[in-house]
>>> print(open('target_28.txt').read())   # compact mmCIF, C-alpha atoms
# COMPACT_ATOMS: atom_id res chain seq x y z
CA MET A 1 -14.97 0.05 19.79
CA SER A 2 -13.88 3.64 19.24
CA SER A 3 -15.71 6.28 17.23
CA LYS A 4 -12.79 8.23 15.76
CA LEU A 5 -13.74 7.14 12.26
CA LYS A 6 -17.49 6.85 12.75
CA GLY A 7 -19.24 7.71 9.50
CA ARG A 8 -16.12 7.03 7.42
CA ILE A 9 -16.06 4.36 4.73
CA ALA A 10 -12.73 2.73 3.97
CA VAL A 11 -11.50 0.33 1.30
CA VAL A 12 -8.50 -1.85 2.12
CA THR A 13 -6.91 -4.02 -0.56
CA GLY A 14 -4.94 -7.12 0.35
CA SER A 15 -7.09 -7.42 3.47
CA SER A 16 -7.34 -11.20 3.41
CA ARG A 17 -4.12 -11.59 5.40
CA GLY A 18 -1.04 -9.97 6.92
CA LEU A 19 -0.70 -6.21 6.86
CA GLY A 20 -3.93 -5.64 4.97
CA ARG A 21 -5.92 -7.62 7.54
CA GLN A 22 -4.26 -5.71 10.39
CA VAL A 23 -5.09 -2.37 8.77
CA ALA A 24 -8.71 -3.35 8.14
CA ILE A 25 -9.20 -4.55 11.72
CA THR A 26 -7.66 -1.35 13.10
CA LEU A 27 -9.84 0.95 10.99
CA ALA A 28 -12.95 -1.03 11.92
CA LYS A 29 -12.08 -0.78 15.64
CA GLU A 30 -12.06 2.98 15.22
CA GLY A 31 -15.58 2.95 13.80
CA ALA A 32 -15.04 2.89 10.03
CA GLN A 33 -17.14 0.73 7.76
CA VAL A 34 -14.54 -1.28 5.88
CA ALA A 35 -14.80 -2.79 2.41
CA LEU A 36 -12.38 -5.72 2.25
CA ALA A 37 -10.81 -6.45 -1.14
CA ALA A 38 -8.54 -9.37 -2.08
CA ARG A 39 -8.45 -12.33 -4.45
CA SER A 40 -8.75 -15.07 -1.82
CA GLU A 41 -12.44 -15.24 -0.92
CA SER A 42 -12.12 -17.72 1.96
CA ALA A 43 -9.39 -15.71 3.71
CA LEU A 44 -11.27 -12.48 3.03
CA ARG A 45 -14.39 -13.94 4.68
CA GLU A 46 -12.25 -14.79 7.71
CA THR A 47 -11.20 -11.14 8.04
CA GLU A 48 -14.84 -10.14 7.70
CA ARG A 49 -15.82 -12.54 10.50
CA MET A 50 -13.00 -11.30 12.75
CA ILE A 51 -14.17 -7.70 12.40
CA GLN A 52 -17.85 -8.46 12.81
CA ASP A 53 -17.27 -10.70 15.83
CA ALA A 54 -15.45 -7.79 17.47
CA GLY A 55 -18.43 -5.52 16.86
CA GLY A 56 -17.12 -3.78 13.75
CA SER A 57 -18.56 -3.29 10.28
CA ALA A 58 -16.97 -5.00 7.28
CA VAL A 59 -18.01 -6.24 3.86
CA ALA A 60 -15.91 -8.78 1.96
CA ILE A 61 -15.77 -8.16 -1.79
CA PRO A 62 -13.49 -10.62 -3.61
CA SER A 63 -11.59 -8.59 -6.21
CA ASP A 64 -8.48 -8.54 -8.39
CA VAL A 65 -6.93 -5.07 -8.21
CA SER A 66 -4.91 -5.69 -11.37
CA SER A 67 -8.10 -6.08 -13.45
CA ILE A 68 -9.92 -3.02 -14.79
CA GLU A 69 -13.21 -4.90 -14.86
CA SER A 70 -12.81 -6.26 -11.34
CA VAL A 71 -12.02 -2.84 -9.90
CA GLU A 72 -15.05 -1.35 -11.63
CA ARG A 73 -17.25 -4.06 -10.09
CA LEU A 74 -15.65 -3.40 -6.71
CA LYS A 75 -16.39 0.31 -6.99
CA GLN A 76 -20.02 -0.34 -7.88
CA THR A 77 -20.49 -2.84 -5.04
CA VAL A 78 -18.85 -0.64 -2.41
CA GLU A 79 -20.89 2.41 -3.35
CA GLU A 80 -24.14 0.42 -3.52
CA ARG A 81 -23.64 -1.32 -0.18
CA LEU A 82 -21.80 1.30 1.86
CA GLY A 83 -21.58 4.58 -0.05
CA PRO A 84 -18.63 6.52 -1.51
CA PRO A 85 -15.46 5.75 0.49
CA THR A 86 -13.12 8.51 1.64
CA ILE A 87 -10.30 6.27 2.90
CA LEU A 88 -8.38 4.04 0.51
CA VAL A 89 -5.48 1.88 1.66
CA ASN A 90 -3.68 -0.04 -1.09
CA VAL A 91 -1.88 -2.87 0.67
CA ALA A 92 -2.15 -5.66 -1.91
CA GLY A 93 1.25 -6.58 -3.31
CA ILE A 94 3.61 -9.37 -4.28
CA PHE A 95 7.39 -9.56 -4.25
CA GLY A 96 7.61 -11.14 -7.68
CA PRO A 97 10.48 -13.10 -9.14
CA ILE A 98 13.90 -13.21 -7.49
CA GLN A 99 15.72 -13.73 -10.79
CA TRP A 100 18.32 -12.20 -13.07
CA VAL A 101 16.64 -10.09 -15.73
CA LYS A 102 18.16 -12.27 -18.46
CA ASP A 103 16.57 -15.37 -16.90
CA SER A 104 13.36 -13.82 -15.64
CA ASP A 105 9.87 -15.12 -16.23
CA PRO A 106 8.19 -12.28 -18.16
CA ILE A 107 4.72 -13.27 -16.98
CA ALA A 108 5.77 -13.10 -13.32
CA TRP A 109 7.68 -9.86 -13.92
CA VAL A 110 4.72 -8.13 -15.55
CA GLU A 111 2.31 -9.50 -12.91
CA THR A 112 4.40 -7.78 -10.23
CA ILE A 113 3.97 -4.41 -11.96
CA GLN A 114 0.27 -5.12 -12.52
CA ILE A 115 -0.47 -5.80 -8.86
CA ASN A 116 1.96 -3.42 -7.15
CA THR A 117 1.63 -0.39 -9.44
CA ILE A 118 -1.29 -0.72 -11.83
CA GLY A 119 -3.54 -1.98 -9.02
CA PRO A 120 -3.16 1.14 -6.86
CA TYR A 121 -3.61 3.32 -9.95
CA LEU A 122 -6.88 1.60 -10.82
CA MET A 123 -8.11 1.83 -7.24
CA CYS A 124 -7.22 5.53 -6.94
CA ARG A 125 -8.84 6.25 -10.28
CA ALA A 126 -12.01 4.47 -9.18
CA PHE A 127 -12.52 6.29 -5.88
CA ILE A 128 -10.85 9.70 -6.18
CA ASP A 129 -13.95 11.45 -7.56
CA GLY A 130 -15.97 10.62 -4.46
CA MET A 131 -13.26 12.00 -2.22
CA LEU A 132 -13.00 15.21 -4.22
CA ALA A 133 -16.78 15.63 -4.05
CA ALA A 134 -16.65 15.17 -0.27
CA ARG A 135 -13.70 17.59 0.00
CA TRP A 136 -12.01 15.01 2.25
CA GLY A 137 -10.05 11.87 1.53
CA ARG A 138 -7.03 9.83 2.54
CA ILE A 139 -5.11 7.62 0.14
CA ILE A 140 -2.31 5.52 1.61
CA ASN A 141 -0.26 3.32 -0.71
CA PHE A 142 2.03 0.68 0.75
CA SER A 143 5.47 1.07 -0.77
CA SER A 144 8.80 -0.27 0.48
CA ALA A 145 12.22 0.89 1.60
CA ALA A 146 13.45 -1.25 -1.29
CA ALA A 147 12.42 1.61 -3.58
CA LEU A 148 14.98 3.83 -1.86
CA HIS A 149 17.82 1.33 -1.50
CA PRO A 150 20.60 1.31 -4.12
CA PRO A 151 19.55 -0.93 -7.02
CA GLY A 152 20.83 -4.48 -6.75
CA PRO A 153 20.45 -7.74 -8.61
CA LEU A 154 17.53 -10.16 -8.67
CA ASN A 155 14.52 -8.02 -7.68
CA SER A 156 14.10 -5.66 -10.62
CA ALA A 157 10.34 -6.24 -10.81
CA TYR A 158 9.60 -5.43 -7.18
CA GLY A 159 11.99 -2.50 -7.00
CA ALA A 160 10.69 -0.96 -10.21
CA SER A 161 7.08 -1.46 -9.16
CA LYS A 162 7.57 0.42 -5.89
CA VAL A 163 9.59 3.26 -7.42
CA ALA A 164 6.79 3.72 -9.95
CA LEU A 165 4.19 3.61 -7.19
CA ASN A 166 6.06 6.33 -5.30
CA GLN A 167 6.14 8.62 -8.32
CA PHE A 168 2.51 7.92 -9.22
CA THR A 169 1.46 8.85 -5.69
CA ARG A 170 3.40 12.11 -5.89
CA HIS A 171 1.66 12.98 -9.18
CA LEU A 172 -1.73 12.20 -7.64
CA ALA A 173 -0.94 14.32 -4.59
CA ALA A 174 -0.04 17.23 -6.89
CA GLU A 175 -3.32 16.85 -8.80
CA VAL A 176 -5.47 16.96 -5.67
CA ALA A 177 -3.51 19.60 -3.77
CA ASP A 178 -5.67 21.91 -1.62
CA SER A 179 -8.75 19.74 -2.19
CA GLY A 180 -8.95 18.14 1.26
CA VAL A 181 -7.64 14.87 -0.21
CA THR A 182 -4.15 13.60 0.56
CA ALA A 183 -2.07 10.82 -1.01
CA ASN A 184 1.03 9.30 0.58
CA VAL A 185 3.18 6.19 0.47
CA ILE A 186 4.50 4.36 3.50
CA HIS A 187 7.14 1.78 4.30
CA PRO A 188 5.22 -0.58 6.59
CA GLY A 189 8.33 -1.97 8.22
CA ASP A 190 10.07 -5.31 7.86
CA VAL A 191 7.25 -7.67 8.70
CA ARG A 192 7.19 -11.48 8.79
CA THR A 193 4.28 -12.02 6.41
CA GLU A 194 3.60 -14.71 3.82
CA MET A 195 5.61 -12.56 1.40
CA PHE A 196 8.59 -12.88 3.75
CA GLU A 197 8.26 -16.65 3.75
CA LYS A 198 8.18 -16.70 -0.06
CA ILE A 199 11.34 -14.58 -0.20
CA ARG A 200 13.00 -17.04 2.17
CA GLU A 201 12.05 -19.95 -0.08
CA ASP A 202 13.03 -18.30 -3.37
CA ALA A 203 16.32 -16.93 -2.02
CA LYS A 204 17.28 -20.38 -0.79
CA LYS A 205 16.71 -21.81 -4.28
CA MET A 206 18.97 -19.18 -5.84
CA GLY A 207 21.95 -20.20 -3.70
CA PRO A 208 24.97 -17.86 -3.41
CA ASP A 209 23.53 -15.42 -5.98
CA ALA A 210 20.86 -14.45 -3.45
CA LYS A 211 23.14 -14.00 -0.44
CA ALA A 212 21.83 -10.48 0.21
CA TYR A 213 18.31 -11.85 0.61
CA GLN A 214 19.50 -14.76 2.71
CA ASP A 215 21.25 -12.29 5.01
CA TRP A 216 18.03 -10.26 5.26
CA VAL A 217 16.05 -13.39 6.13
CA THR A 218 18.57 -14.24 8.87
CA TRP A 219 18.33 -10.69 10.24
CA MET A 220 14.53 -10.94 10.26
CA ASP A 221 14.69 -14.25 12.10
CA GLU A 222 17.07 -12.78 14.69
CA THR A 223 15.08 -9.58 15.27
CA GLY A 224 11.60 -11.04 14.89
CA GLY A 225 10.69 -8.34 12.39
CA ASP A 226 8.54 -5.26 12.93
CA ASP A 227 5.14 -5.45 14.60
CA PRO A 228 2.50 -5.15 11.83
CA GLN A 229 0.38 -3.04 14.17
CA LYS A 230 2.88 -0.21 13.71
CA ALA A 231 1.90 0.06 10.03
CA ALA A 232 -1.79 0.02 10.96
CA ASP A 233 -1.15 2.75 13.54
CA LEU A 234 0.55 4.91 10.90
CA VAL A 235 -2.42 4.45 8.56
CA LEU A 236 -4.76 5.45 11.38
CA LYS A 237 -2.65 8.51 12.15
CA LEU A 238 -2.81 9.62 8.52
CA THR A 239 -6.61 9.57 8.65
CA SER A 240 -6.60 12.17 11.42
CA ASP A 241 -7.13 15.89 10.94
CA GLN A 242 -3.66 16.59 12.34
CA CYS A 243 -2.22 15.00 9.18
CA ALA A 244 -4.38 16.98 6.76
CA SER A 245 -1.35 18.87 5.43
CA ILE A 246 0.82 15.77 4.87
CA THR A 247 0.65 14.71 1.25
CA GLY A 248 2.98 13.46 -1.47
CA GLN A 249 5.34 12.05 1.17
CA PHE A 250 7.17 8.79 1.90
CA LEU A 251 6.43 7.99 5.54
CA TRP A 252 7.87 5.53 8.07
CA ILE A 253 6.50 3.59 11.02
CA GLU A 254 7.54 4.65 14.50
CA ASN A 255 10.72 3.02 15.79
CA GLY A 256 11.03 0.56 12.94
CA LEU A 257 13.96 -1.81 12.53
CA GLN A 258 15.16 0.25 9.58
CA ALA A 259 15.99 3.88 10.22
CA PRO A 260 14.21 6.24 7.81
CA ILE A 261 16.01 6.78 4.51
CA PRO A 262 15.80 10.18 2.76
CA SER A 263 13.25 9.93 -0.03
CA TRP A 264 12.81 13.12 -2.03
CA GLU A 265 12.80 16.83 -1.61
CA SER A 266 10.50 19.33 -3.28
CA PRO A 267 12.59 21.37 -5.73
CA GLU A 268 11.20 24.79 -6.47
CA SER A 269 11.66 24.41 -10.20
CA GLY A 270 14.31 22.49 -12.09
CA GLN A 271 12.39 23.17 -15.30
CA PRO A 272 14.09 25.94 -17.28
CA TRP A 273 10.99 26.84 -19.23
CA LYS A 274 9.31 27.77 -15.94
CA ASP A 275 12.29 29.80 -14.73
CA SER A 276 11.91 33.44 -15.73
CA SER A 277 15.64 33.97 -15.23
CA SER A 278 16.44 31.62 -18.12
CA ASP A 279 15.40 34.20 -20.72
>>> encode(input="target_28.txt", output="structure tokens")
Amino acid sequence: MSSKLKGRIAVVTGSSRGLGRQVAITLAKEGAQVALAARSESALRETERMIQDAGGSAVAIPSDVSSIESVERLKQTVEERLGPPTILVNVAGIFGPIQWVKDSDPIAWVETIQINTIGPYLMCRAFIDGMLAARWGRIINFSSAAALHPPGPLNSAYGASKVALNQFTRHLAAEVADSGVTANVIHPGDVRTEMFEKIREDAKKMGPDAKAYQDWVTWMDETGGDDPQKAADLVLKLTSDQCASITGQFLWIENGLQAPIPSWESPESGQPWKDSSSD
């Protein structure tokens, strides 16, 4: 076990499996006490056991990040059992319906926004005060390259949820500028998780309409996908002091299968009422 993060308390959502589990294990190996949050209690307990068996510190707290009440209970439990966290990694997410908007299931569409966008908002809202009080904090929200790709058919819910998450994170970063707290989004790579398997299944059902997704699935099968440890390594890097000035950015794993796509620049103004030369 390392001690890079000794004394740090981290919360990782979606830590019952896949990328969230990998992130939680990595942070724990570096000495952080990790609060594990996800809906599946049995899988969450497995992550807890994996970390504790390796000599790390973890507490499983079954939670639903899309529920205001559940997040409030999570906050109370984390602070009572561990203390105020200064690292928050929002990994929990779903791909949602692969459907035409006209045929879409509104419950599934709204659930995608609730988990992918509202969830990170609720989690940030719950824990940001403690970070500001400590004058140190790291918020890392898992986004997707899909938010930067040209819009296409069939995944309006997922695409919209990640675009909104990107913009929310930029607003949060602006609010906490120069406070010692940073907020960024990352593309964790193209990883063969349970979400990938669901996309494979749903795209197959859609037939020719979902050819773009079927081609992506084939590409993933041929390449093997990105190593999930690369996303965990990027999270770990962002917790370091050398990344204290990086905030409000869209970041990429090292040597991922997808080359980085330009995200956004920082315009100086663009608002005429703030431009003195517009008088």
>>> closest_residue(input="target_28.txt", among="A:Lys205, A:Lys230, A:Lys211, A:Arg8", to="Leu82 of chain A", atoms="only C-alpha atoms")
A:Arg8
>>> residues_around(input="target_28.txt", residues="Ala145 of chain A", least_positions_apart="3", cutoff="7 Å", atoms="all atoms listed in the file", output="ChimeraX atom specification")
/A:148-149,187
>>> residues_around(input="target_28.txt", residues="Ala173 of chain A", least_positions_apart="5", cutoff="10 Å", atoms="only C-alpha atoms", output="list in words")
Ile139, Gln167, Phe168, Asp178, Ser179, Val181, Thr182, Ala183, Asn184, Ile246, Thr247, Gly248 and Gln249 of chain A
>>> closest_residue(input="target_28.txt", among="A:Asp129, A:Asp233, A:Glu222, A:Asp53", to="Glu175 of chain A", atoms="all atoms listed in the file")
A:Asp129
>>> closest_residue(input="target_28.txt", among="A:Ser144, A:Gln258, A:Asn166, A:Thr112", to="Val65 of chain A", atoms="only C-alpha atoms")
A:Thr112
>>> closest_residue(input="target_28.txt", among="A:Gln229, A:Ser2, A:Gln52, A:Ser156", to="Asp105 of chain A", atoms="all atoms listed in the file")
A:Ser156
>>> closest_residue(input="target_28.txt", among="A:Asp221, A:Asn116, A:Gly207, A:Pro188", to="Pro260 of chain A", atoms="all atoms listed in the file")
A:Pro188
>>> residues_around(input="target_28.txt", residues="Ile87 of chain A", least_positions_apart="4", cutoff="12 Å", atoms="all atoms listed in the file", output="PyMOL selection string")
chain A and resi 5+7-13+23-24+27-28+32-35+83+123-124+127-128+130-132+134+136-141+181-184+235-236+238-240
>>> residues_around(input="target_28.txt", residues="Phe250 of chain A", least_positions_apart="3", cutoff="7 Å", atoms="only C-alpha atoms", output="ChimeraX atom specification")
/A:184-186,263
>>> closest_residue(input="target_28.txt", among="A:Ala54, A:Ile199, A:Ile68, A:Ala60", to="Thr218 of chain A", atoms="all atoms listed in the file")
A:Ile199
>>> atom_distance(input="target_28.txt", atom1="atom CA of Asp202 of chain A", atom2="atom CA of Val101 of chain A")
15.3 Å
>>> atom_distance(input="target_28.txt", atom1="atom CA of Ala133 of chain A", atom2="atom CA of Ala231 of chain A")
28.1 Å
